[in-house]
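Student: Below is one structure. I have some questions about it.
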Amino acid sequence: MTVTEIVRSYYAARGAEAAAAIGQVADRVPSIRERLEAAEVSLEAITAADLDAVRVLTKDELPALQQARPPFGGLVAEGSPIARVFASPGPIYEVQLEGEDPWQWSAALAACGVGVDDVVLNCFGYHLSPAGMMFDLACRAVGATVIPAGVGSVEVQARVVADVGVTAYIGLPSYLSALLEAYEQLGLPAERWLVDKALVTAEPLPDALRAHLSTRVPTVLMAYGTAEAGLIGHEVEPGRGLAVPEHVFVQVCEPGTGVPVLDDSPGEVVVTMADEGTPLLRFGTGDVSRWQVVDGQPRLAGVLGRVGAAIKVRGMFVHPHQAADVLRDLGDVGLRSGRYVVVRVGDKDVLRLQMVPEAGADVTALSAAAGERTRASLRVRAEIEVVDTLVEGDALVDARGSM
């Protein structure tokens, strides 16, 4: 069968299941009910074709939607048991419902071989953003022991790996590379490096980086998801695409039109899932992917880029309006003009703040304020670069594709 035939079959079968499930929860979720009504879809008998008639809701719309209908934009089912509330950059407020593994990442961990005998170093942040907790709960769901490491203090974490007997890693692939480097620089015993599996996500995993990591970690698998949807796809074996779990219906759609792509052309990843508390209807992640076929099954080819305004840097989204706000506020400490530029340096994404100071400004104080306010507002550290001039343009630029 061709890619088009397999994708068409997937859309028809999984789309019908998703449509029926959405119909069962629509009455309890105001935004979904309203979007179906706006598309003139009957709530009593929703079909896969009906789903395609609904306008895609983009991630970039969520901050305004939540401000208009606080706190969650009408996206949470009425009466849902909320365990935690997170504040991701945007700001976007996300909820964690009660339950063992509400984001359903345990399937990706199981594919990676993580289980009851593992001690997992979880190197995603626990502070306000949901990534740390979503993987923490998934690890507990498969019976693994969790070390809530978060991001930073890489030398301390390297010692923990040796002292506690860590066997698995979760986090950014570039951070795993930094952890390996710190372990070696500290001269820690090679025989105490027991990490033999890693689930990585939230940034690219180039072939060269995977090969480097695999010299010390035999199993390195990639996964993909969002704070809103949880797990969207994961590798079953290295480099053979992302398998889509059964709980989520994924479409690759033409950006702007929302028309589903039926071949292997790139498009925006659009998600529908009928979780009882936080269902999603045609949610546009802003990520670009395409379909590929492996062993007769449709798989996503990873994240190939972005179509939304927000830019992901080291696992965190940076929004243009937030970058502009920081630059405007730095005017009170001597900034004439500036811009944030995202570049790729080696295996790492780097946020660089290029600044033109006012004449006579205290550059040291300006740089210190810029670094502090960037971390506080954007939740990502920035390299500070003082320049003489800047061409007027956007406050946030993604230059990774051009450097």
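Naming works like this for the structure tokens: A, B, ... for the chains as they're shown, residue 1 at the start of each chain, ligands 1 onward in shown order.
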Can you list, as a PyMOL selection string, every residue of range 244-326 of chain A that DSSP puts in strand (DSSP E)?

Tutor: chain A and resi 249-253+267-273+280-289+291-294+297-300+305-306+311-313+316-318

Student: Identify, on the basis of only C-alpha atoms, every residue whose closest approach to Val54 in chain A does not exceed 8 Å; exclude the query and any residue fewer than 3 positions from it along the same chain; express the result as a ChimeraX atom specification.

Tutor: /A:35-36,38-39,50-51,282

Student: Would you export the selected residues with N, CA, C and O atoms as a JSON list (two decimals), in the first residue's frame, please?

Tutor:
```json
[["chain", "number", "residue", "atom", "x", "y", "z"],
["A", 35, "ARG", "N", -17.22, 25.23, 19.55],
["A", 35, "ARG", "CA", -16.52, 25.08, 18.27],
["A", 35, "ARG", "C", -17.26, 24.13, 17.35],
["A", 35, "ARG", "O", -17.30, 24.31, 16.13],
["A", 36, "LEU", "N", -17.86, 23.09, 17.91],
["A", 36, "LEU", "CA", -18.68, 22.18, 17.10],
["A", 36, "LEU", "C", -19.92, 22.90, 16.57],
["A", 36, "LEU", "O", -20.28, 22.75, 15.39],
["A", 38, "ALA", "N", -20.21, 26.10, 16.07],
["A", 38, "ALA", "CA", -19.78, 27.08, 15.06],
["A", 38, "ALA", "C", -19.55, 26.42, 13.71],
["A", 38, "ALA", "O", -19.74, 27.04, 12.66],
["A", 39, "ALA", "N", -19.14, 25.14, 13.73],
["A", 39, "ALA", "CA", -18.94, 24.40, 12.48],
["A", 39, "ALA", "C", -20.21, 23.72, 12.00],
["A", 39, "ALA", "O", -20.19, 22.97, 11.02],
["A", 50, "ASP", "N", -16.97, 15.39, 10.05],
["A", 50, "ASP", "CA", -17.38, 16.54, 10.85],
["A", 50, "ASP", "C", -16.18, 17.16, 11.56],
["A", 50, "ASP", "O", -16.07, 18.39, 11.68],
["A", 51, "LEU", "N", -15.28, 16.32, 12.05],
["A", 51, "LEU", "CA", -14.09, 16.85, 12.73],
["A", 51, "LEU", "C", -13.31, 17.77, 11.81],
["A", 51, "LEU", "O", -12.84, 18.83, 12.22],
["A", 282, "ARG", "N", -9.13, 19.10, 17.45],
["A", 282, "ARG", "CA", -8.39, 19.78, 16.37],
["A", 282, "ARG", "C", -7.47, 20.85, 16.95],
["A", 282, "ARG", "O", -7.54, 22.03, 16.61]]
```

Student: Of the candidates A:Gly143, A:Gly241, A:Gly286, A:Gly334, which one gets nearest to Val363 in chain A if we count only C-alpha atoms?

Tutor: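 Checking each candidate against Val363 in chain A, we get A:Gly334 as the closest.
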
Student: Excluding Gln297 in chain A and any residue of its chain fewer than 4 positions from it, enumerate the residues within 10 Å of it, using only C-alpha atoms, and give them as JSON, numbers by chain.

Tutor: {"A": [3, 6, 7, 10, 243, 244, 291, 292, 293]}

Student: Would you list the contacts of Gln185 in chain A as a VMD selection string, taking every protein, DNA or RNA residue within 10 Å and counting only C-alpha atoms, but skipping same-chain residues closer than 5 positions in sequence?

Tutor: chain A and resid 155 158 179 to 180
